[in-house]
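Engineer: What follows is a structure written as structure tokens; I'll ask about it next.
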Amino acid sequence: MSTNNRLPQARRDGLVVRDLPDEVLVYDLEDNKAHCLNQTAAAVWRHCDGETTVSEMSFRLAREFSTPVDEDVVWLALETLSKSSLLEEPVVRPTPGLARRDVVRRAGLAVSVLAVPAVFSVLAPTASAAVCGGTCGGGIVCTGTCTVCAPNNICQ
Amino acid sequence: MADDVGRAAEQVIAAYGLRVLLRGTDSAALELLLDSMPGDWRQAEKGRGRTAVVFSLVACRREYKLYRDHEELVRTPDLALVRQTLIGFAGRYFGEFSRARTFVHAGVVALNGRAILVAGKQNSGKTTLTAALVEAGAVYLSDEYAPIDDRGRVHPFARPLSFREPGGVSTRLQSIEALGGIQGTRALPVSLVVLAPYTGARRWRPRRLTPGRAALELLNHTVSAQTASQQALERLGAVTTSAPALKGGRGEAADTARLIVRRLRRP
């Protein structure tokens with residue numbers, strides 16, 4: 001459960017969400033991080049409505065994906081979502097669970113229809129960083145497209 | 001300062017939802033600015049909307065001064081450097097402030113009526129791979145930016161190709177026609193996204209990214225990622241749900257370009 005024993009609740013404020021067929025893209029306006037939730041993580045996040053227990057989530061996911069879903073998989077997803085600040089409050093598992101690699105091994109996920117829950121994240125670049133990447137020597141101030149490196153290593 | 005341009009010669013242009021005022025000390029200076037403006041723009045009437053930015057060119061004695069609003073961008077006797085500076089700053093400006101398009105820092109070519117995006121940062125070999133694809137028969141759309149619309153189509157962003165000279169200090173500009181290529185003019189759907197930085201690999205063995213992971217990769221090269229994130233996610237998602245994305249270090253550009261063309265020509 002969460003640190004206050006509340007049921008998991010997905011964060012919505014300050015987030016831009018874009019659904020893709022099997023994934024979800026989330027942009028966090030508070031820290032300019034962008035996340036890609038894979039199918040499993042996205043499904044768990046969708047069920048984080050503040051009213052659904054972990055046990056109920058695993059039951060619903062099993063029905064959705066027509067495959068057994070261990071509660072360890074749901075906990076792994078919740079911990080991953082929590083680390084990415086996508087839940088209202090961080091989750092703390094009441095009892096120690098399996099490590100990620102053990103979840104994979106135990107669930108036989110290599111042949112399962114359900115992937116290991118994962119959230120991939122990047123820090124969105126500033127306009128300069130998107131173009132220049134800061135590769136023109138040290139002490140860079142990129143003001144254009146870095147087509148010319150001045151002798152003082154300022155991108156021109 | 002830019003005020004010494006006075007009102008000698010002016011022209012408003014409209015591009016990507018923005019209005020830009022170009023000013024020169026004389027008609028020749030204005031002509032240089034117009035000739036150097038990158039991207040898809042058209043002449044517009046003054047007084048029909050707010051001007052977002054002013055680029056001014058002051059030609060005096062043996063030197064040129066280029067300004068953005070009141071900020072001096074470059075002071076030089078070298079016309080090629082003036083052009084290059086304007087191309088760079090104008091392109092960046094469109095990328096950062098346009099809301100009509102989302103600008104991804106990428107080379108773009110077209111094959112069989114569909115676009116190939118070659119995304120990458122400076123010094124990743126993006127321009128070299130773009131040129132190699134043109135030499136392999138693709139149509140050139142851009143080597144710097146891929147302006148993407150709400151339908152996930154890529155629009156042309158024409159400018160001379162910019163190659164880094166050995167030593168990395170300066171660049172040279174070369175027209176696409178000089179490379180034997182032709183310039184595209186229409187917006188196109190995307191057939192392939194390529195992330196292939198030069199690593200010296202013997203052979204290009206890319207892995208295919210999921211649409212979501214591909215969108216994150218493109219976001220990493222999106223000029224307005226922080227300032228227009230909602231639009232960026234929508235448009236990048238439209239691209240990556242309709243086109244595969246391949247990522248992996250490559251060797252020689254010509255070899256990689258051949259592999260890409262062969263893949264896209266497969267039935």
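Chain lettering (A, B, ...) mirrors the order of the structure tokens, residue numbering begins at 1 for each chain separately, and ligand numbering begins at 1 in order of display.
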Can you work out which residues from chain B touch chain A at a cut-off of 9 Å (counting only C-alpha atoms) and hand them back as a PDB file with C-alpha atoms, in the first residue's frame?
Structural biologist:
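Listing of part-v5.pdb after writing:
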ATOM      1  CA  LEU B  73      24.398  37.690 -34.070  1.00  0.00           C
ATOM      2  CA  VAL B  74      27.483  38.053 -36.216  1.00  0.00           C
ATOM      3  CA  GLN B  84      24.973  30.281 -42.354  1.00  0.00           C
ATOM      4  CA  THR B  85      24.220  32.252 -39.205  1.00  0.00           C
ATOM      5  CA  ILE B  87      19.950  29.831 -41.548  1.00  0.00           C
ATOM      6  CA  GLY B  88      20.876  28.507 -38.116  1.00  0.00           C
ATOM      7  CA  PHE B  89      19.098  31.134 -36.030  1.00  0.00           C
ATOM      8  CA  ALA B  90      15.977  31.302 -38.184  1.00  0.00           C
ATOM      9  CA  GLY B  91      15.629  27.545 -38.153  1.00  0.00           C
ATOM     10  CA  ARG B  92      16.058  27.397 -34.388  1.00  0.00           C
ATOM     11  CA  TYR B  93      13.531  30.192 -33.974  1.00  0.00           C
ATOM     12  CA  GLY B  95      11.598  25.188 -34.133  1.00  0.00           C
ATOM     13  CA  GLU B  96      11.247  26.761 -30.739  1.00  0.00           C
ATOM     14  CA  VAL B 104      12.495  17.433 -34.750  1.00  0.00           C
ATOM     15  CA  HIS B 105      16.219  17.837 -35.296  1.00  0.00           C
ATOM     16  CA  GLY B 120      20.426  12.710 -34.292  1.00  0.00           C
ATOM     17  CA  LYS B 121      22.340  15.421 -32.517  1.00  0.00           C
ATOM     18  CA  GLN B 122      25.214  17.475 -33.938  1.00  0.00           C
ATOM     19  CA  ASN B 123      28.237  15.389 -34.894  1.00  0.00           C
ATOM     20  CA  GLU B 144      18.367  19.878 -40.152  1.00  0.00           C
ATOM     21  CA  SER B 162      25.832  21.808 -43.949  1.00  0.00           C
ATOM     22  CA  PHE B 163      28.956  19.624 -43.734  1.00  0.00           C
ATOM     23  CA  ARG B 164      31.489  19.925 -40.965  1.00  0.00           C
ATOM     24  CA  GLY B 168      35.263  20.407 -36.744  1.00  0.00           C
ATOM     25  CA  VAL B 169      35.822  24.152 -36.564  1.00  0.00           C
ATOM     26  CA  SER B 170      33.894  25.338 -39.582  1.00  0.00           C
ATOM     27  CA  THR B 171      31.349  24.079 -42.051  1.00  0.00           C
ATOM     28  CA  THR B 210       8.322   0.078 -29.973  1.00  0.00           C
ATOM     29  CA  PRO B 211       6.226   3.101 -30.993  1.00  0.00           C
ATOM     30  CA  GLY B 212       6.433   4.492 -27.468  1.00  0.00           C
ATOM     31  CA  ARG B 213      10.214   4.100 -27.171  1.00  0.00           C
ATOM     32  CA  ALA B 215       8.523   8.605 -29.635  1.00  0.00           C
ATOM     33  CA  LEU B 216      10.788   9.124 -26.601  1.00  0.00           C
ATOM     34  CA  GLU B 217      13.851   8.979 -28.850  1.00  0.00           C
ATOM     35  CA  LEU B 219      11.344  13.746 -28.194  1.00  0.00           C
ATOM     36  CA  ASN B 220      15.014  13.815 -27.266  1.00  0.00           C
ATOM     37  CA  HIS B 221      15.604  15.677 -30.526  1.00  0.00           C
ATOM     38  CA  THR B 222      12.525  17.892 -30.447  1.00  0.00           C
ATOM     39  CA  VAL B 223      13.179  21.613 -30.194  1.00  0.00           C
ATOM     40  CA  SER B 224       9.914  22.437 -28.404  1.00  0.00           C
ATOM     41  CA  ALA B 225       9.904  19.343 -26.180  1.00  0.00           C
ATOM     42  CA  GLN B 226       9.682  21.425 -23.017  1.00  0.00           C
ATOM     43  CA  THR B 227       7.657  24.360 -24.303  1.00  0.00           C
ATOM     44  CA  SER B 229       5.059  19.038 -24.859  1.00  0.00           C
ATOM     45  CA  GLN B 230       1.429  18.122 -25.476  1.00  0.00           C
ATOM     46  CA  LEU B 233       3.620  13.909 -27.829  1.00  0.00           C
ATOM     47  CA  GLU B 234       0.586  13.952 -30.101  1.00  0.00           C
ATOM     48  CA  GLY B 237       2.971   9.507 -31.455  1.00  0.00           C
ATOM     49  CA  ALA B 238       1.270   9.935 -34.843  1.00  0.00           C
ATOM     50  CA  THR B 241       2.457   4.455 -34.601  1.00  0.00           C
TER      51      THR B 241
END
Engineer: Need the shell around stretch 249-257 of chain B: protein/DNA/RNA residues with any atom at most 7 Å away, counting only C-alpha atoms. Skip same-chain ones fewer than 3 positions apart. Format as a tab-separated table (two decimals) with N, CA and C atoms, in the first residue's frame?
Structural biologist:
chain	number	residue	atom	x	y	z
B	128	THR	N	25.62	13.38	-43.07
B	128	THR	CA	26.32	12.48	-43.98
B	128	THR	C	25.41	11.35	-44.42
B	129	LEU	N	24.64	10.80	-43.51
B	129	LEU	CA	23.72	9.72	-43.87
B	129	LEU	C	22.60	10.25	-44.75
B	132	ALA	N	23.97	10.56	-48.14
B	132	ALA	CA	24.17	9.23	-48.74
B	132	ALA	C	22.84	8.68	-49.25
B	133	LEU	N	21.77	8.94	-48.54
B	133	LEU	CA	20.45	8.48	-48.99
B	133	LEU	C	20.04	9.22	-50.27
B	136	ALA	N	21.78	7.72	-53.03
B	136	ALA	CA	21.22	6.40	-53.34
B	136	ALA	C	19.86	6.49	-54.02
B	196	ALA	N	20.80	6.34	-36.20
B	196	ALA	CA	22.00	5.60	-36.58
B	196	ALA	C	23.24	6.48	-36.47
B	197	PRO	N	23.67	6.76	-35.24
B	197	PRO	CA	24.88	7.57	-35.11
B	197	PRO	C	26.09	6.80	-35.62
B	198	TYR	N	27.05	7.53	-36.13
B	198	TYR	CA	28.27	6.88	-36.62
B	198	TYR	C	29.09	6.39	-35.44
B	199	THR	N	29.36	5.06	-35.43
B	199	THR	CA	30.18	4.49	-34.36
B	199	THR	C	31.35	3.70	-34.93
B	200	GLY	N	31.42	3.60	-36.26
B	200	GLY	CA	32.47	2.80	-36.88
B	200	GLY	C	32.15	1.32	-36.92
B	201	ALA	N	30.90	0.96	-36.62
B	201	ALA	CA	30.51	-0.46	-36.64
B	201	ALA	C	30.75	-1.04	-38.03
B	202	ARG	N	31.11	-2.30	-38.06
B	202	ARG	CA	31.41	-2.91	-39.36
B	202	ARG	C	30.12	-3.01	-40.18
B	203	ARG	N	29.03	-3.33	-39.52
B	203	ARG	CA	27.77	-3.48	-40.24
B	203	ARG	C	26.66	-2.89	-39.37
B	204	TRP	N	25.66	-2.32	-40.02
B	204	TRP	CA	24.55	-1.72	-39.28
B	204	TRP	C	23.56	-2.81	-38.92
B	260	ILE	N	19.15	0.62	-46.02
B	260	ILE	CA	17.85	1.26	-45.77
B	260	ILE	C	17.00	1.23	-47.04
B	261	VAL	N	17.60	1.61	-48.15
B	261	VAL	CA	16.86	1.65	-49.42
B	261	VAL	C	16.40	0.25	-49.80
Engineer: If we count only C-alpha atoms and set the cut-off at 10 Å, which residues sit around A:Ala77, ignoring sequence neighbours fewer than 4 positions away in its own chain? Please answer as a PyMOL selection string.
Structural biologist: chain A and resi 37+40-45+71-73+81-83+100+116-119
Engineer: Would you list the contacts of A:Asp49 as number ranges by chain, taking every protein, DNA or RNA residue within 8 Å and counting only C-alpha atoms, but skipping same-chain residues closer than 4 positions in sequence?
Structural biologist: A: 7-10
Engineer: Store the residues of this selection in a file with N, CA, C and O atoms, as a short mmCIF file (atom, residue, chain, number, x, y, z; two decimals), in the first residue's frame.
Structural biologist:
data_model
loop_
_atom_site.label_atom_id
_atom_site.label_comp_id
_atom_site.auth_asym_id
_atom_site.auth_seq_id
_atom_site.Cartn_x
_atom_site.Cartn_y
_atom_site.Cartn_z
N LEU A 7 -5.05 3.10 -1.00
CA LEU A 7 -4.90 2.29 -2.20
C LEU A 7 -4.22 3.12 -3.29
O LEU A 7 -4.36 4.34 -3.34
N PRO A 8 -3.51 2.44 -4.21
CA PRO A 8 -2.73 3.19 -5.22
C PRO A 8 -3.62 4.10 -6.06
O PRO A 8 -4.68 3.70 -6.54
N GLN A 9 -3.13 5.33 -6.23
CA GLN A 9 -3.88 6.32 -7.01
C GLN A 9 -2.94 6.93 -8.04
O GLN A 9 -1.89 7.47 -7.70
N ALA A 10 -3.33 6.83 -9.31
CA ALA A 10 -2.51 7.43 -10.37
C ALA A 10 -2.51 8.94 -10.25
O ALA A 10 -3.53 9.54 -9.93
#
Engineer: Could you name the residues that touch B:Tyr16 at 7 Å or less, counting only C-alpha atoms, but leaving out those on the same chain fewer than 3 positions away, as a VMD selection string?
Structural biologist: chain B and resid 94 98 100 to 101
Engineer: Would you put the residues from that selection into a file with N, CA, C and O atoms, as a PDB file, in the first residue's frame?
Structural biologist:
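selection_4.pdb, freshly written:
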ATOM      1  N   PHE B  94      12.118  29.070 -35.592  1.00  0.00           N
ATOM      2  CA  PHE B  94      10.901  28.370 -36.023  1.00  0.00           C
ATOM      3  C   PHE B  94      10.658  27.149 -35.148  1.00  0.00           C
ATOM      4  O   PHE B  94       9.539  26.873 -34.723  1.00  0.00           O
ATOM      5  N   SER B  98       7.268  27.856 -33.215  1.00  0.00           N
ATOM      6  CA  SER B  98       6.126  27.467 -34.032  1.00  0.00           C
ATOM      7  C   SER B  98       5.233  26.539 -33.249  1.00  0.00           C
ATOM      8  O   SER B  98       5.689  25.612 -32.582  1.00  0.00           O
ATOM      9  N   ALA B 100       2.462  25.543 -35.126  1.00  0.00           N
ATOM     10  CA  ALA B 100       1.801  24.903 -36.261  1.00  0.00           C
ATOM     11  C   ALA B 100       2.484  23.589 -36.623  1.00  0.00           C
ATOM     12  O   ALA B 100       1.870  22.702 -37.214  1.00  0.00           O
ATOM     13  N   ARG B 101       3.753  23.472 -36.256  1.00  0.00           N
ATOM     14  CA  ARG B 101       4.522  22.254 -36.539  1.00  0.00           C
ATOM     15  C   ARG B 101       5.401  21.954 -35.326  1.00  0.00           C
ATOM     16  O   ARG B 101       5.795  22.847 -34.601  1.00  0.00           O
TER      17      ARG B 101
END
